[in-house]
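Engineer: Structure provided below as structure tokens; questions to follow.
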Amino acid sequence: MPMILMEELAGNWDRLVVKDAPAAAIYDNPVFHQQSTVGSFSVRGWYTELRRIGAAAREMLLTAAATDWGVPVRECSASNSIITHTPSGRSRSFGSVAAQAAELPIPQQPELKSNADFRLIGTSPKRVDLAGKVDGSARYGIDIALPNMLYAAIKRCPTLSGRLKSMDDTAARRMPGFHTTVPLPDGVMVVARSYWHARKALAQVRTEYELGKLAGVDSPKISQIMREAFNGPSAVARSEGDAPAALAASTHTMEAVYEVPYLAHACMEPMNCTVRIDDTGCDVWCGTQAPQGAQHAAAAVLGIPAARVRIHTTFLGGGFGRRGEADFVTQAAAAAKAAGRPVKLIWTREEDIQHDFYRPAAAIRFRAGFDRDGKIAAFESNVVTSSTPTRMAAGPSFYTSGIADSNYADAIPNFRVTGVDANIGVRFGFWRSVNDSHNPFMLEGFIDEIARHLKRDPYQLRRSLLQHPSGRRQLAVLDLAAEKAGWHAPRPGHSLGIAALAAFGSYIGTVADISMKGSQITLHRVVTAVDCGVAVEPDNIQAQLEGGMVYGLTAALRGEITIANGAVQQSNFTDYRVMTMAEMPLFESYIVPSTAPPGGIGEPGTAPIAPALANAIYAATGKRVRSLPLSRHGLTFSVERASA
């Protein structure tokens with residue numbers, strides 16, 4: 001984002017300083033009018049506005065310098081934070097005229113550069129946050145230390161719907177360092193002199209809970225609820241032609257059901273927040289994707305206007321949607337209010353895994369019908385999800401995304417997508433790539449099944465479904481990924497799987513190159529191509545693609561939150577395993593040159609790895625994987641390591 005502004009400003013990148021914005025409406029994303037970093041909307045939301053801001057500032061600086069020199073503005077130019085009067089060769093710095101420029105009217109329609117004139121956009125300068133992350137000076141929420149600060153530890157009812165019925169903190173009060181106990185609707189916090197003291201005292205608090213409506217619910221029951229919902233009423237997300245009639249008239253049909261489990265975010269830094277209350281209001285230090293959400297959460301606890309809550313945003317330590325929530329801010333504010341001193345709340349890893357806002361479990365039933373020529377005459381899918389957002393109107397167009405908006409639809413005359421909200425009450429949160437984290441796994445798997453059923457090459461079938469204007473950009477990434485992966489000439493003993501999709505305004509294609517020995521998968525490399533519109537910073541795009549692939553690969557291989565008696569069974573990285581550096585496959589990424597407006601890049605990279613890997617497994621074994629994680633199917637995993 002600073003590159004976009006600095007491009008139009010003509011500023012010197014080496015002199016750039018970035019400061020985190022406070023919570024304020026002026027920083028709302030221009031697209032959805034919230035101050036939130038979500039949905040891969042930062043660059044695509046701010047691209048035009050930041051260019052306008054930079055260009056307006058450049059024009060003001062040029063005008064100030066030209067006025068001071070007594071020359072026409074058209075004779076002046078700006079580059080690297082220097083203004084030059086071309087005829088005379090005179091020059092001066094931005095800073096020397098900044099005060100005069102600030103007094104000028106702000107241009108409302110500044111002239112923007114053409115893409116051909118970009119000097120910074122499209123390059124990869126050194127990141128401004130790099131030094132701090134290397135030398136340890138970068139501050140995360142868990143690093144905050146204030147004078148006279150106390151620490152809070154938290155535990156909540158294991159059952160996700162549980163409420164605190166009673167507590168006895170008699171033994172905790174006798175523990176060293178104890179300060180106070182803070183009851184919560186669903187649990188309890190202990191505030192003490194150190195985090196260790198708080199943890200030890202918390203272990204002595206006796207609690208009794210009302211287990212709530214989810215008591216007795218388990219993962220098999222959730223799966224049963226979703227599959228039974230296929231036969232109940234559903235809402236239409238998209239309908240072209242008459243799919244039911246076309247299915248009935250088809251010469252032959254096929255059907256498949258796919259399913260995915262709940263997933264946790266598993267941010268490397270557990271949830272934490274520090275709150276200090278004084279006569280002027282409240283200060284909050286935390287990693288947050290939604291500063292105003294954090295601001296309003298603290299204000300609600302303290303009963304003060306939101307304007308009196310000052311948010312100090314730190315690095316996230318992992319967000320992926322989890323830090324768009326503010327539950328941990330509410331708790332920290334309650335602890336500081338009860339203690340009468342600054343308090344830093346830190347969750348354990350167990351609390352983090354067992355009380356997340358989970359990526360929902362979902363299932364899809366697909367049906368396809370074919371005419372006498374072997375073409376797809378009808379396509380029908382019914383998407384069932386076991387949780388939808390409680391704070392937003394989430395119709396079927398939300399949870400069927402990645403299916404209902406597929407570019408394949410324009411090539412199929414009868415295309416129908418319906419959705420069912422089989423919400424059982426497990427709380428939902430936005431997880432990296434949101435519904436595209438799982439719906440493309442299921443859709444791309446079924447498209448692969450159709451290709452095998454028709455005895456067609458899976459890559460070529462996809463090409464045939466994208467031969468229309470809306471499929472042009474998806475076709476380009478599909479072709480590039482296939483070409484770079486050597487689709488038509490895999491290495492002996494290797495099998496390839498492919499997937500391609502549109503997500504968050506971008507287009508992405510991925511090929512997984514594997515070999516198998518029994519149930520052992522060896523992932524040799526992953527090849528990804530992306531068209532994300534204007535590539536502002538190619539190195540960052542590659543990093544986001546790789547990070548997204550890692551996140552998606554973890555979910556595909558072993559990501560699973562299971563529920564027993566309404567409680568999450570996983571608790572730490574021992575039983576909710578994430579990818580390690582030693583497990584990283586060779587990764588290649590390719591960016592399709594584009595002048596289109598920027599699309600998202602943080603989210604799309606998660607989506608295609610699961611279907612590409614599952615389709616490669618079928619190519620190797622003839623075994624179709626219709627549910628995740630792969631570990632559930634007795635499959636194990638290794639990678640080909642690069643030679644020294």
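Simple scheme: letters A, B, ... for chains in structure tokens order, numbers from 1 for residues in each chain, numbers from 1 for ligands in the order shown.
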So that I can see what lies close to segment 308-321 of chain A, please list as a tab-separated table (two decimals) with N, CA and C atoms, in the first residue's frame the residues with an atom at most 7 Å from it, counting only C-alpha atoms and leaving out residues fewer than 6 positions away in the same chain.
Structural biologist:
chain	number	residue	atom	x	y	z
A	20	ASP	N	1.28	2.93	12.12
A	20	ASP	CA	-0.03	2.29	12.18
A	20	ASP	C	-1.10	3.33	12.47
A	22	PRO	N	-4.58	4.94	13.86
A	22	PRO	CA	-5.50	4.72	14.98
A	22	PRO	C	-6.86	4.28	14.46
A	23	ALA	N	-7.74	3.96	15.37
A	23	ALA	CA	-9.11	3.60	14.99
A	23	ALA	C	-9.85	4.87	14.62
A	38	VAL	N	-9.33	-7.39	5.70
A	38	VAL	CA	-10.02	-8.67	5.52
A	38	VAL	C	-10.28	-8.90	4.04
A	139	ARG	N	7.14	-4.98	17.36
A	139	ARG	CA	6.34	-5.24	18.55
A	139	ARG	C	5.05	-5.95	18.19
A	140	TYR	N	4.84	-7.06	18.85
A	140	TYR	CA	3.59	-7.80	18.77
A	140	TYR	C	2.81	-7.54	20.06
A	141	GLY	N	1.55	-7.92	20.05
A	141	GLY	CA	0.74	-7.66	21.23
A	141	GLY	C	1.30	-8.28	22.48
A	265	HIS	N	-7.95	-21.48	13.39
A	265	HIS	CA	-7.00	-20.58	12.74
A	265	HIS	C	-5.55	-20.91	13.14
A	267	CYS	N	-3.31	-19.35	14.93
A	267	CYS	CA	-2.32	-18.28	14.76
A	267	CYS	C	-1.11	-18.58	15.64
A	268	MET	N	0.09	-18.28	15.12
A	268	MET	CA	1.29	-18.62	15.89
A	268	MET	C	1.35	-17.87	17.22
A	269	GLU	N	0.89	-16.62	17.23
A	269	GLU	CA	0.77	-15.87	18.49
A	269	GLU	C	-0.64	-16.05	19.03
A	280	THR	N	-8.95	9.75	31.42
A	280	THR	CA	-9.25	10.26	30.08
A	280	THR	C	-9.94	9.22	29.20
A	281	GLY	N	-9.89	7.98	29.61
A	281	GLY	CA	-10.48	6.92	28.80
A	281	GLY	C	-9.72	5.63	28.93
A	282	CYS	N	-9.35	5.06	27.80
A	282	CYS	CA	-8.77	3.71	27.82
A	282	CYS	C	-7.79	3.55	26.65
A	283	ASP	N	-6.67	2.88	26.92
A	283	ASP	CA	-5.71	2.52	25.88
A	283	ASP	C	-5.72	1.01	25.72
A	284	VAL	N	-5.73	0.57	24.45
A	284	VAL	CA	-5.76	-0.85	24.13
A	284	VAL	C	-4.60	-1.16	23.19
A	285	TRP	N	-3.78	-2.14	23.56
A	285	TRP	CA	-2.70	-2.60	22.70
A	285	TRP	C	-3.02	-4.03	22.25
A	286	CYS	N	-3.11	-4.24	20.96
A	286	CYS	CA	-3.38	-5.60	20.48
A	286	CYS	C	-3.11	-5.68	18.99
A	287	GLY	N	-2.90	-6.89	18.51
A	287	GLY	CA	-2.92	-7.14	17.08
A	287	GLY	C	-4.36	-7.31	16.67
A	288	THR	N	-4.83	-6.49	15.75
A	288	THR	CA	-6.23	-6.56	15.33
A	288	THR	C	-6.35	-6.28	13.85
A	291	PRO	N	-9.52	-2.33	13.87
A	291	PRO	CA	-9.31	-1.43	15.01
A	291	PRO	C	-10.60	-0.85	15.59
A	295	GLN	N	-12.08	-1.12	19.34
A	295	GLN	CA	-12.44	0.11	20.04
A	295	GLN	C	-13.84	0.02	20.64
A	299	ALA	N	-15.07	-0.12	24.63
A	299	ALA	CA	-15.99	0.93	25.08
A	299	ALA	C	-17.26	0.34	25.69
A	429	GLY	N	-16.16	-18.24	12.10
A	429	GLY	CA	-15.27	-17.12	11.84
A	429	GLY	C	-14.72	-17.19	10.45
A	430	PHE	N	-14.30	-16.06	9.94
A	430	PHE	CA	-13.69	-16.03	8.62
A	430	PHE	C	-12.29	-16.63	8.71
A	431	TRP	N	-12.03	-17.62	7.90
A	431	TRP	CA	-10.77	-18.37	7.87
A	431	TRP	C	-10.12	-18.10	6.53
A	432	ARG	N	-8.83	-18.12	6.46
A	432	ARG	CA	-8.14	-17.69	5.24
A	432	ARG	C	-8.73	-18.32	3.98
Engineer: Which neighbours of segment 340-352 of chain A fall inside 6 Å, counting only C-alpha atoms, when residues of the same chain fewer than 2 positions from it are skipped, and could you give them as a compact mmCIF listing (two decimals) with C-alpha atoms, in the first residue's frame?
Structural biologist:
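Now in around15.txt:
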# COMPACT_ATOMS: atom_id res chain seq x y z
CA MET A 149 0.92 -3.97 34.89
CA LEU A 150 -0.80 -7.17 35.97
CA TYR A 151 -1.43 -10.34 33.97
CA ALA A 152 -4.60 -12.29 33.31
CA ALA A 153 -5.14 -15.95 32.45
CA PRO A 270 -2.15 -16.81 20.76
CA MET A 271 -4.84 -14.20 21.41
CA ASN A 272 -3.72 -11.45 23.78
CA CYS A 273 -4.54 -7.86 24.64
CA THR A 274 -3.32 -5.20 27.06
CA VAL A 275 -5.69 -2.57 28.48
CA ARG A 276 -4.99 0.51 30.61
CA ALA A 332 -8.95 -7.79 28.67
CA ALA A 336 -8.49 -4.14 33.70
CA LYS A 337 -11.78 -2.72 34.95
CA ALA A 338 -11.95 -5.27 37.77
CA GLN A 354 -10.64 -24.87 21.77
CA HIS A 355 -12.43 -21.49 21.69
CA ASP A 356 -11.84 -20.24 18.17
CA SER A 571 -5.80 -28.63 22.16
CA ASN A 572 -2.32 -27.87 20.86
Engineer: Could you pull out the helix (DSSP H, G or I) residues of segment 229-386 of chain A, going by DSSP on the backbone, and write them as an MDAnalysis selection string?
Structural biologist: chainID A and resid 229 243:249 291:302 306:308 322:324 327:339 349:354
Engineer: I'd like the interatomic distance between atom CA of Gln289 of chain A and atom CA of Ser40 of chain A, to a tenth of an Å.
Structural biologist: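 Between atom CA of Gln289 of chain A and atom CA of Ser40 of chain A the gap is 11.8 Å.
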Engineer: Output as a ChimeraX atom specification all residues of segment 36-232 of chain A that backbone DSSP marks as strand (DSSP E).
Structural biologist: /A:76-79,82-85,91-93,150-156,163-168,178-184,187-192,206-210
Engineer: Report as a PyMOL selection string all protein, DNA and RNA residues lying within 12 Å of segment 205-212 of chain A, evaluated on only C-alpha atoms, omitting residues in the same chain fewer than 3 positions from it.
Structural biologist: chain A and resi 153-175+178+180-190+198-202+215-217+425-426+565-567
Engineer: Let me make sure I understand: among A:Leu630, A:Gln292, A:Leu214, A:Gly54, which one has the smallest atom-to-atom distance to Ile26 of chain A if we use only C-alpha atoms?
Structural biologist: A:Gln292
Engineer: Fewer than 2 positions away in the same chain doesn't count, so skip those; otherwise give me all residues within 6 Å of Val417 of chain A, counting only C-alpha atoms, as a PyMOL selection string.
Structural biologist: chain A and resi 237-238+380-382+404
Engineer: Contacts between segment 534-543 of chain A and segment 84-172 of chain A, please, where a residue of segment 84-172 of chain A counts if it comes within 10 Å (with only C-alpha atoms); show its shortest atom pair and distance in Å to one decimal, rows by chain and ascending number, as a tab-separated table.
Structural biologist:
residue	atom	partner	partner_atom	distance
A:Asn115	CA	A:Val534	CA	8.9
A:Phe118	CA	A:Val536	CA	10.0
A:Leu120	CA	A:Val536	CA	8.2
A:Ile121	CA	A:Val536	CA	4.8
A:Gly122	CA	A:Val536	CA	4.9
A:Thr123	CA	A:Glu537	CA	5.7
A:Ser124	CA	A:Glu537	CA	5.3
A:Pro125	CA	A:Glu537	CA	8.0
A:Lys126	CA	A:Asp539	CA	9.7
A:Arg127	CA	A:Asn540	CA	9.0
Engineer: Between A:Ile609, A:Val128, A:Gln108, A:Ser36, which has the minimum distance to Val18 of chain A (counting only C-alpha atoms)?
Structural biologist: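 Ranking A:Ile609, A:Val128, A:Gln108, A:Ser36 by distance to Val18 of chain A, first place goes to A:Val128.
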Engineer: Just how far from atom CA of Ala334 of chain A is atom CA of Ala145 of chain A, in Å to one decimal?
Structural biologist: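 Between these atoms lies a distance of 18.4 Å.
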